[in-house]
Amino acid sequence: MTYKTLLVSLNEIERLDALLEITLKLAADQRAHVLGLYVIPAPAVYPAVGPYVVPEVFDGLTRYFEEQSKGTRAKFEALIKRRGVPGTWLEVKALAPVISETVSEVGRIADLVVVSEANREGKNGVEVDFVENVILGLGRPVLVVPGRTAALDTAQIVCGYNGSKEAARAIHDALPILRNAKDVRVVWVDPPKDRELAAPPGADMAESLQRHGVKATAQAVESNGANPAEAVMAKAREVGAGLIVMGAYGHSRIREFVLGGATRHALSNLAVPLLMSH
């Protein structure tokens, strides 16, 4: 199993260099075809503004995205030609103003979708909750690239696992990358203590990965009251992992927003690329 189609979302124009560097390296490793997607969203209409919005406002917004698309396409096509990676440029004029909706729809044909962490201070990119919406709406694994990261080091990988379907899916979705790693840690945070275990928690998942040729071992860690995602991220820092794999939204999104959750914590504290599935 390898990734044969990668889709990279390129609307976060301030992060193009990191996005393209990571996507093209992964494509070369996997011998995959890259789809470079840029979405021109429909202008948002707010009822409070009233019915008499000047048409030039809508035209100006559309022209802005069209101009950004030209420069992005030029960079994308120059890079794939220089690297010798097969690729296709996709520009989509969306019917909705929310960019994540179009990325989710188009991205379902890909084996993996690469997105940037949303730049919450920028004005030229995507909506603030773009990444969360894509993860929930896509149905494919998503590789989230931190804003301050320009490389993907997959020699050492940490996988968060707790027996849930979301965690299992993320780990199996990451198999093409896990196979090439030198060391994969399957980390179970706060394993149950109400029964005797013949093997470390997560050992069955590590054994399953070993049958695929993955150099995987299982390890239990304690959160000591911290968020479970923080415990996984701490283990990643300890071993020098360049990628974290986690399931997304094991609880409802509303519960995560109100009470906090592993997904929300991980996306808010990105230090290395994060592969998530839901």
# chains A, B, ... in the order shown; residues from 1 in each chain; ligands from 1
$ closest_atom_pairs --of "region 90-186 of chain A" --to "region 213-228 of chain A" --cutoff "7 Å" --atoms "only C-alpha atoms" --output "JSON lines"
{"residue": "A:Leu178", "atom": "CA", "partner": "A:Val214", "partner_atom": "CA", "distance": 6.1}
{"residue": "A:Arg179", "atom": "CA", "partner": "A:Val214", "partner_atom": "CA", "distance": 4.8}
{"residue": "A:Lys182", "atom": "CA", "partner": "A:Lys215", "partner_atom": "CA", "distance": 6.5}
{"residue": "A:Asp183", "atom": "CA", "partner": "A:Lys215", "partner_atom": "CA", "distance": 5.4}
{"residue": "A:Val184", "atom": "CA", "partner": "A:Ala216", "partner_atom": "CA", "distance": 4.6}
{"residue": "A:Arg185", "atom": "CA", "partner": "A:Thr217", "partner_atom": "CA", "distance": 5.3}
{"residue": "A:Val186", "atom": "CA", "partner": "A:Ala218", "partner_atom": "CA", "distance": 4.6}
$ select_by_dssp --residues "region 92-268 of chain A" --states "alpha helix (DSSP H)" --output "ChimeraX atom specification"
/A:99-107,130-138,165-173,175-178,203-210,228-239,253-259,262-268
$ residues_around --residues "Val232 (chain A)" --least-positions-apart "4" --cutoff "9 Å" --atoms "only C-alpha atoms" --output "MDAnalysis selection string"
chainID A and resid 158:160 187:189 221 223 228 236:237 244
$ write_last_selection --atoms "N, CA, C and O atoms" --output "compact mmCIF listing (two decimals), in the first residue's frame"
# COMPACT_ATOMS: atom_id res chain seq x y z
N VAL A 158 5.50 8.96 16.34
CA VAL A 158 4.72 8.58 17.51
C VAL A 158 3.25 8.51 17.11
O VAL A 158 2.72 9.44 16.50
N CYS A 159 2.60 7.39 17.45
CA CYS A 159 1.18 7.19 17.16
C CYS A 159 0.40 7.12 18.47
O CYS A 159 0.69 6.26 19.32
N GLY A 160 -0.57 7.98 18.64
CA GLY A 160 -1.45 7.90 19.79
C GLY A 160 -2.49 6.82 19.57
O GLY A 160 -3.15 6.79 18.53
N VAL A 187 1.74 4.74 21.41
CA VAL A 187 1.65 5.27 22.77
C VAL A 187 0.21 5.26 23.25
O VAL A 187 -0.68 5.86 22.63
N TRP A 188 -0.02 4.58 24.38
CA TRP A 188 -1.35 4.54 25.00
C TRP A 188 -1.28 5.39 26.27
O TRP A 188 -0.52 5.08 27.18
N VAL A 189 -2.08 6.45 26.32
CA VAL A 189 -2.07 7.35 27.48
C VAL A 189 -3.08 6.86 28.52
O VAL A 189 -4.24 6.60 28.19
N VAL A 221 2.00 5.49 28.74
CA VAL A 221 2.47 6.70 29.43
C VAL A 221 1.34 7.25 30.28
O VAL A 221 0.16 7.02 30.01
N SER A 223 -0.63 10.55 31.90
CA SER A 223 -0.85 11.97 31.59
C SER A 223 -0.60 12.85 32.80
O SER A 223 -0.35 14.05 32.66
N PRO A 228 -4.60 14.35 27.24
CA PRO A 228 -3.97 13.17 26.62
C PRO A 228 -3.11 13.52 25.41
O PRO A 228 -2.05 12.91 25.20
N ALA A 236 6.56 12.58 21.88
CA ALA A 236 7.16 12.89 20.58
C ALA A 236 8.39 13.78 20.75
O ALA A 236 9.41 13.58 20.10
N ARG A 237 8.30 14.75 21.64
CA ARG A 237 9.45 15.62 21.89
C ARG A 237 10.60 14.83 22.51
O ARG A 237 11.77 15.03 22.18
N ILE A 244 3.46 13.04 14.22
CA ILE A 244 2.54 12.44 15.18
C ILE A 244 1.30 11.97 14.42
O ILE A 244 0.81 12.67 13.52
$ residues_around --residues "Leu37 (chain A)" --least-positions-apart "5" --cutoff "12 Å" --atoms "only C-alpha atoms" --output "NGL selection string"
:A and (6-13 or 16 or 19-20 or 69 or 72-73 or 76-77 or 87-94 or 99-100 or 102-107 or 110 or 113-115)
$ write_last_selection --atoms "C-alpha atoms" --output "PDB file, in the first residue's frame"
ATOM      1  CA  LEU A   6      -1.851  13.517  -2.796  1.00  0.00           C
ATOM      2  CA  LEU A   7      -3.911  16.690  -2.677  1.00  0.00           C
ATOM      3  CA  VAL A   8      -2.438  19.863  -1.207  1.00  0.00           C
ATOM      4  CA  SER A   9      -4.663  22.807  -0.293  1.00  0.00           C
ATOM      5  CA  LEU A  10      -2.880  25.998  -1.387  1.00  0.00           C
ATOM      6  CA  ASN A  11      -5.172  28.806  -0.231  1.00  0.00           C
ATOM      7  CA  GLU A  12      -2.954  29.540   2.779  1.00  0.00           C
ATOM      8  CA  ILE A  13      -0.612  31.493   0.506  1.00  0.00           C
ATOM      9  CA  LEU A  16       3.138  27.854   0.329  1.00  0.00           C
ATOM     10  CA  LEU A  19       3.289  23.066   2.123  1.00  0.00           C
ATOM     11  CA  LEU A  20       4.885  22.399  -1.240  1.00  0.00           C
ATOM     12  CA  SER A  69      -4.386  31.879  -7.821  1.00  0.00           C
ATOM     13  CA  THR A  72       0.224  30.164  -6.672  1.00  0.00           C
ATOM     14  CA  ARG A  73      -0.173  28.186  -9.882  1.00  0.00           C
ATOM     15  CA  PHE A  76       3.299  25.037  -8.007  1.00  0.00           C
ATOM     16  CA  GLU A  77       3.977  24.216 -11.652  1.00  0.00           C
ATOM     17  CA  GLY A  87       1.134  16.929 -10.759  1.00  0.00           C
ATOM     18  CA  THR A  88      -2.060  18.651 -11.800  1.00  0.00           C
ATOM     19  CA  TRP A  89      -3.228  22.165 -11.006  1.00  0.00           C
ATOM     20  CA  LEU A  90      -6.850  22.466  -9.884  1.00  0.00           C
ATOM     21  CA  GLU A  91      -8.613  25.814  -9.601  1.00  0.00           C
ATOM     22  CA  VAL A  92     -12.193  25.591  -8.396  1.00  0.00           C
ATOM     23  CA  LYS A  93     -14.686  28.451  -8.357  1.00  0.00           C
ATOM     24  CA  ALA A  94     -16.843  27.424  -5.424  1.00  0.00           C
ATOM     25  CA  ILE A  99     -13.185  27.105   1.476  1.00  0.00           C
ATOM     26  CA  SER A 100     -13.140  23.946   3.612  1.00  0.00           C
ATOM     27  CA  THR A 102     -14.739  22.586  -1.467  1.00  0.00           C
ATOM     28  CA  VAL A 103     -11.469  21.102  -0.176  1.00  0.00           C
ATOM     29  CA  SER A 104     -13.474  18.330   1.511  1.00  0.00           C
ATOM     30  CA  GLU A 105     -15.463  17.594  -1.648  1.00  0.00           C
ATOM     31  CA  VAL A 106     -12.508  17.567  -4.027  1.00  0.00           C
ATOM     32  CA  GLY A 107     -10.162  15.882  -1.557  1.00  0.00           C
ATOM     33  CA  ALA A 110      -7.020  11.606  -2.798  1.00  0.00           C
ATOM     34  CA  VAL A 113      -4.768  15.609   1.894  1.00  0.00           C
ATOM     35  CA  VAL A 114      -2.088  18.070   3.032  1.00  0.00           C
ATOM     36  CA  VAL A 115      -3.183  21.342   4.652  1.00  0.00           C
TER      37      VAL A 115
END
$ atom_distance --atom1 "CA of Pro176 (chain A)" --atom2 "CA of Val272 (chain A)"
18.4 Å
$ closest_residue --among "A:Phe130, A:Phe65, A:Tyr38, A:Tyr249" --to "His265 (chain A)" --atoms "only C-alpha atoms"
A:Tyr249
$ closest_residue --among "A:Gly125, A:Gly137, A:Pro192, A:Gly247" --to "Ala167 (chain A)" --atoms "only C-alpha atoms"
A:Gly247
$ residues_around --residues "Gly163 (chain A)" --least-positions-apart "6" --cutoff "10 Å" --atoms "only C-alpha atoms" --output "PDB file with C-alpha atoms, in the first residue's frame"
ATOM      1  CA  TRP A 188      -1.354   4.544  25.003  1.00  0.00           C
ATOM      2  CA  PRO A 191      -4.286   2.687  30.022  1.00  0.00           C
ATOM      3  CA  PRO A 201      -1.334  -1.649  26.185  1.00  0.00           C
ATOM      4  CA  GLY A 202      -1.184  -1.202  22.428  1.00  0.00           C
ATOM      5  CA  ASP A 204      -1.559  -5.839  19.699  1.00  0.00           C
ATOM      6  CA  MET A 205      -1.569  -2.786  17.418  1.00  0.00           C
TER       7      MET A 205
END
$ residues_around --residues "Asn119 (chain A)" --least-positions-apart "6" --cutoff "12 Å" --atoms "only C-alpha atoms" --output "list in words"
Asn11, Glu12, Ile13, Glu14, Arg15, Gly125, Val126, Glu127, Val128, Asp129, Phe130, Val131, Val145, Pro146, Gly147, Arg148 and Ser268 of chain A
$ write_last_selection --atoms "all heavy atoms" --output "short mmCIF file (atom, residue, chain, number, x, y, z; two decimals), in the first residue's frame"
data_model
loop_
_atom_site.label_atom_id
_atom_site.label_comp_id
_atom_site.auth_asym_id
_atom_site.auth_seq_id
_atom_site.Cartn_x
_atom_site.Cartn_y
_atom_site.Cartn_z
N ASN A 11 -4.61 27.48 -0.50
CA ASN A 11 -5.17 28.81 -0.23
C ASN A 11 -4.43 29.57 0.86
O ASN A 11 -4.51 30.79 0.92
CB ASN A 11 -6.65 28.70 0.14
CG ASN A 11 -7.55 28.68 -1.08
OD1 ASN A 11 -7.67 27.64 -1.73
ND2 ASN A 11 -8.16 29.81 -1.40
N GLU A 12 -3.73 28.87 1.73
CA GLU A 12 -2.95 29.54 2.78
C GLU A 12 -1.64 30.00 2.14
O GLU A 12 -0.59 29.41 2.30
CB GLU A 12 -2.71 28.59 3.94
CG GLU A 12 -2.27 29.25 5.24
CD GLU A 12 -3.35 30.11 5.88
OE1 GLU A 12 -4.23 29.56 6.56
OE2 GLU A 12 -3.30 31.33 5.68
N ILE A 13 -1.72 31.11 1.39
CA ILE A 13 -0.61 31.49 0.51
C ILE A 13 0.65 31.89 1.25
O ILE A 13 1.75 31.82 0.71
CB ILE A 13 -1.04 32.63 -0.45
CG1 ILE A 13 -1.49 33.86 0.35
CG2 ILE A 13 -2.14 32.16 -1.38
CD1 ILE A 13 -1.78 35.06 -0.52
N GLU A 14 0.52 32.29 2.51
CA GLU A 14 1.71 32.66 3.28
C GLU A 14 2.51 31.43 3.72
O GLU A 14 3.61 31.55 4.22
CB GLU A 14 1.31 33.48 4.50
CG GLU A 14 0.68 34.82 4.13
CD GLU A 14 0.17 35.58 5.34
OE1 GLU A 14 0.29 35.04 6.46
OE2 GLU A 14 -0.33 36.69 5.17
N ARG A 15 1.95 30.23 3.51
CA ARG A 15 2.61 28.99 3.92
C ARG A 15 2.95 28.10 2.73
O ARG A 15 3.19 26.90 2.89
CB ARG A 15 1.70 28.23 4.88
CG ARG A 15 1.19 29.06 6.06
CD ARG A 15 2.15 28.98 7.24
NE ARG A 15 1.80 29.91 8.31
CZ ARG A 15 0.86 29.70 9.22
NH1 ARG A 15 0.13 28.60 9.18
NH2 ARG A 15 0.66 30.58 10.17
N GLY A 125 -5.57 33.97 3.92
CA GLY A 125 -5.70 32.53 3.82
C GLY A 125 -7.13 32.02 3.93
O GLY A 125 -8.05 32.54 3.31
N VAL A 126 -7.29 31.02 4.78
CA VAL A 126 -8.56 30.32 4.90
C VAL A 126 -9.29 30.75 6.17
O VAL A 126 -8.77 31.51 6.98
CB VAL A 126 -8.31 28.80 4.91
CG1 VAL A 126 -7.68 28.35 3.61
CG2 VAL A 126 -7.42 28.41 6.09
N GLU A 127 -10.50 30.22 6.35
CA GLU A 127 -11.26 30.52 7.56
C GLU A 127 -10.58 29.92 8.78
O GLU A 127 -9.81 28.94 8.67
CB GLU A 127 -12.69 29.99 7.43
CG GLU A 127 -12.81 28.51 7.13
CD GLU A 127 -12.88 28.20 5.63
OE1 GLU A 127 -12.57 29.09 4.81
OE2 GLU A 127 -13.24 27.06 5.29
N VAL A 128 -10.83 30.49 9.95
CA VAL A 128 -10.11 30.10 11.17
C VAL A 128 -10.30 28.62 11.50
O VAL A 128 -9.38 27.95 11.95
CB VAL A 128 -10.57 30.98 12.35
CG1 VAL A 128 -9.98 30.47 13.66
CG2 VAL A 128 -10.14 32.43 12.12
N ASP A 129 -11.51 28.08 11.30
CA ASP A 129 -11.78 26.68 11.64
C ASP A 129 -11.64 25.76 10.42
O ASP A 129 -12.22 24.68 10.38
CB ASP A 129 -13.16 26.54 12.26
CG ASP A 129 -14.28 27.07 11.37
OD1 ASP A 129 -13.98 27.69 10.32
OD2 ASP A 129 -15.46 26.88 11.73
N PHE A 130 -10.85 26.17 9.45
CA PHE A 130 -10.66 25.41 8.21
C PHE A 130 -10.19 23.98 8.47
O PHE A 130 -10.77 23.02 7.95
CB PHE A 130 -9.64 26.15 7.33
CG PHE A 130 -9.16 25.36 6.15
CD1 PHE A 130 -9.92 25.30 4.99
CD2 PHE A 130 -7.94 24.69 6.18
CE1 PHE A 130 -9.47 24.58 3.89
CE2 PHE A 130 -7.49 23.98 5.09
CZ PHE A 130 -8.26 23.91 3.94
N VAL A 131 -9.14 23.82 9.26
CA VAL A 131 -8.56 22.49 9.47
C VAL A 131 -9.57 21.55 10.13
O VAL A 131 -9.75 20.40 9.69
CB VAL A 131 -7.28 22.58 10.31
CG1 VAL A 131 -6.74 21.18 10.63
CG2 VAL A 131 -6.21 23.38 9.58
N VAL A 145 0.24 20.69 8.54
CA VAL A 145 1.60 21.22 8.61
C VAL A 145 1.61 22.46 9.50
O VAL A 145 0.90 23.42 9.24
CB VAL A 145 2.10 21.60 7.20
CG1 VAL A 145 3.50 22.21 7.27
CG2 VAL A 145 2.08 20.37 6.29
N PRO A 146 2.43 22.46 10.56
CA PRO A 146 2.51 23.65 11.42
C PRO A 146 3.06 24.85 10.66
O PRO A 146 3.84 24.70 9.72
CB PRO A 146 3.47 23.23 12.54
CG PRO A 146 3.51 21.74 12.48
CD PRO A 146 3.27 21.37 11.06
N GLY A 147 2.68 26.03 11.10
CA GLY A 147 3.12 27.24 10.43
C GLY A 147 4.61 27.44 10.46
O GLY A 147 5.19 28.03 9.55
N ARG A 148 5.28 26.96 11.51
CA ARG A 148 6.72 27.19 11.62
C ARG A 148 7.54 25.97 11.20
O ARG A 148 8.73 25.88 11.51
CB ARG A 148 7.08 27.58 13.06
CG ARG A 148 6.63 26.59 14.12
CD ARG A 148 6.94 27.12 15.52
NE ARG A 148 6.48 26.24 16.57
CZ ARG A 148 5.26 26.24 17.07
NH1 ARG A 148 4.36 27.08 16.59
NH2 ARG A 148 4.91 25.42 18.05
N SER A 268 -4.13 23.02 18.45
CA SER A 268 -3.79 24.34 18.99
C SER A 268 -2.33 24.43 19.44
O SER A 268 -1.87 25.52 19.79
CB SER A 268 -4.70 24.67 20.19
OG SER A 268 -6.05 24.70 19.81
#
$ residues_around --residues "Ala27 (chain A)" --least-positions-apart "5" --cutoff "12 Å" --atoms "only C-alpha atoms" --output "PyMOL selection string"
chain A and resi 2-8+20-22+32-35+80+83-87+111-114+152+176-177
$ write_last_selection --atoms "C-alpha atoms" --output "PDB file, in the first residue's frame"
ATOM      1  CA  THR A   2       1.307   3.416  -0.990  1.00  0.00           C
ATOM      2  CA  TYR A   3      -0.232   6.828  -1.524  1.00  0.00           C
ATOM      3  CA  LYS A   4      -0.828   7.333  -5.234  1.00  0.00           C
ATOM      4  CA  THR A   5      -2.719  10.635  -5.113  1.00  0.00           C
ATOM      5  CA  LEU A   6      -1.851  13.517  -2.796  1.00  0.00           C
ATOM      6  CA  LEU A   7      -3.911  16.690  -2.677  1.00  0.00           C
ATOM      7  CA  VAL A   8      -2.438  19.863  -1.207  1.00  0.00           C
ATOM      8  CA  LEU A  20       4.885  22.399  -1.240  1.00  0.00           C
ATOM      9  CA  GLU A  21       8.215  21.254   0.219  1.00  0.00           C
ATOM     10  CA  ILE A  22       6.547  18.635   2.409  1.00  0.00           C
ATOM     11  CA  ALA A  32       2.511   9.754  -6.054  1.00  0.00           C
ATOM     12  CA  HIS A  33       0.695  12.258  -8.255  1.00  0.00           C
ATOM     13  CA  VAL A  34       0.114  15.669  -6.666  1.00  0.00           C
ATOM     14  CA  LEU A  35      -3.070  17.702  -7.063  1.00  0.00           C
ATOM     15  CA  ILE A  80       6.770  20.056  -9.702  1.00  0.00           C
ATOM     16  CA  ARG A  83      11.443  18.098  -8.831  1.00  0.00           C
ATOM     17  CA  GLY A  84      10.213  15.789 -11.577  1.00  0.00           C
ATOM     18  CA  VAL A  85       7.015  14.999  -9.647  1.00  0.00           C
ATOM     19  CA  PRO A  86       3.808  14.422 -11.652  1.00  0.00           C
ATOM     20  CA  GLY A  87       1.134  16.929 -10.759  1.00  0.00           C
ATOM     21  CA  ASP A 111      -5.249   9.089  -0.581  1.00  0.00           C
ATOM     22  CA  LEU A 112      -3.978  11.886   1.672  1.00  0.00           C
ATOM     23  CA  VAL A 113      -4.768  15.609   1.894  1.00  0.00           C
ATOM     24  CA  VAL A 114      -2.088  18.070   3.032  1.00  0.00           C
ATOM     25  CA  LEU A 152       8.738  16.368   7.252  1.00  0.00           C
ATOM     26  CA  PRO A 176       2.565   4.089   3.752  1.00  0.00           C
ATOM     27  CA  ILE A 177       4.594   6.518   5.879  1.00  0.00           C
TER      28      ILE A 177
END
$ select_by_dssp --residues "region 109-184 of chain A" --states "strand (DSSP E or B)" --output "VMD selection string"
chain A and resid 112 to 116 142 to 145 156 to 160 183 to 184
$ write_last_selection --atoms "C-alpha atoms" --output "PDB file, in the first residue's frame"
ATOM      1  CA  LEU A 112      -3.978  11.886   1.672  1.00  0.00           C
ATOM      2  CA  VAL A 113      -4.768  15.609   1.894  1.00  0.00           C
ATOM      3  CA  VAL A 114      -2.088  18.070   3.032  1.00  0.00           C
ATOM      4  CA  VAL A 115      -3.183  21.342   4.652  1.00  0.00           C
ATOM      5  CA  SER A 116      -1.538  24.125   6.598  1.00  0.00           C
ATOM      6  CA  VAL A 142      -5.280  14.810   6.701  1.00  0.00           C
ATOM      7  CA  LEU A 143      -1.656  15.852   7.196  1.00  0.00           C
ATOM      8  CA  VAL A 144      -1.579  19.181   9.053  1.00  0.00           C
ATOM      9  CA  VAL A 145       1.596  21.221   8.608  1.00  0.00           C
ATOM     10  CA  GLN A 156      10.829   8.626  14.143  1.00  0.00           C
ATOM     11  CA  ILE A 157       7.023   8.615  14.496  1.00  0.00           C
ATOM     12  CA  VAL A 158       4.722   8.580  17.511  1.00  0.00           C
ATOM     13  CA  CYS A 159       1.185   7.190  17.156  1.00  0.00           C
ATOM     14  CA  GLY A 160      -1.446   7.898  19.789  1.00  0.00           C
ATOM     15  CA  ASP A 183      11.108   3.619  14.765  1.00  0.00           C
ATOM     16  CA  VAL A 184       7.378   3.878  15.478  1.00  0.00           C
TER      17      VAL A 184
END
